[in-house]
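Take a look at the structure below.
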Amino acid sequence: QLEFSPDGKSITCVDRDGLLSFWDPLDKRTVEVLRGETPLPRFTRFDFSPDSKTLALATATQVYLFDLGTKKIRPFSEKMQRVVDLRFSPEGNLLGLLGGSGGSRSRTIQLYDANNGQRVTEFASSSQSLIFSPAGDYLAVHSYARGVRLWKLPAESNTSVVQGHKGNIRSVSFSDDGSLLASGGAGGVIIWDTTVWEKKGFIPTESGVMYVDFF
């Protein structure tokens, strides 16, 4: 995993050995290296808070918060059977965790208050990843099934499933203004109009799509 911080002041990467490295993008200098738990597990995923002050870090079974100012790290969640994905909400007040054991059918999504660590809600979802809409009013999750499931926040009501792919969905992404949602997988990319949740366009591909994003 490789990402810019939201303020653009650092590039962060977690490698196969579980090392988390920070680079200064201007002088190409490694400014810090953070190692996960020893012995294993090691860091596997991360996500920046919107203000670039905190980094949520996942090992295989637990989530930590790393304060980028004080350089202090602390456990955030109880140990889970497996941490699959984690995301801050656009306002940074919520941290969503996707975890579970074994296959995707036994997974759950947990939403936490990012400030005090209190669990806000939890619901079952056979998903591979999660993403918040830019306004923070929807949580979109996808599995290897052919639909994208949408949860309305903060009520956490399972509002709808948009379907249209002929095969597995592997990635979803919202446009910056939240008006569009792209879902990619077998067959190509579908663009959805989020105001009415209807198909707006389709981009076919021969080999399928592993990742989609708006630029």
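Note on naming: chains are A, B, ... as they come in the structure tokens, residues start from 1 per chain, ligands start from 1 in the order shown.
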
From range 59-195 of chain A, collect each residue whose DSSP state is strand (DSSP E or B) and return the set as a ChimeraX atom specification.
/A:63-67,73-75,83-88,94-100,107-113,119-124,129-132,138-142,147-152,157-163,169-174,180-185,188-193

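For range 201-215 of chain A, the list of residues within 8 Å, based on only C-alpha atoms and with local chain neighbours fewer than 6 positions off taken out, reads Arg170, Ser171, Val172, Ser173, Phe174, Ser175, Asp176, Ala182, Ser183, Gly184, Gly185, Ala186, Gly187, Gly188, Val189, Ile190, Ile191 and Trp192 of chain A.
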
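Put simply, CA of Asp7 in chain A is 24.0 Å away from CA of Ser129 in chain A.
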
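Using only C-alpha atoms, the nearest neighbour of Val33 in chain A within the list A:Phe46, A:Lys53, A:Thr12, A:Tyr112 is A:Thr12.
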
Choose the residue, out of A:Arg87, A:Lys152, A:Arg74, A:Lys199, that has the smallest atom-to-atom separation from Ser49 in chain A; count only C-alpha atoms.
A:Arg87

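Distance check against Ser160 in chain A using only C-alpha atoms: of A:Gln110, A:Gln128, A:Thr194, A:Asn93, the minimum falls on A:Thr194.
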
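A straight line drawn from CA of Asp193 in chain A to CA of Asp113 in chain A is 29.6 Å long.
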
Skipping near chain neighbours, those fewer than 6 positions away, what residues fall within 12 Å of Val141 in chain A using only C-alpha atoms, listed as a ChimeraX atom specification?
/A:85-87,96-98,104,107-109,123-133,147-152,158,160-162,169-174,181,183

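Closest approach to Asp51 in chain A among A:Gln163, A:Ser89, A:Asn168, A:Asn116: A:Ser89, based on only C-alpha atoms.
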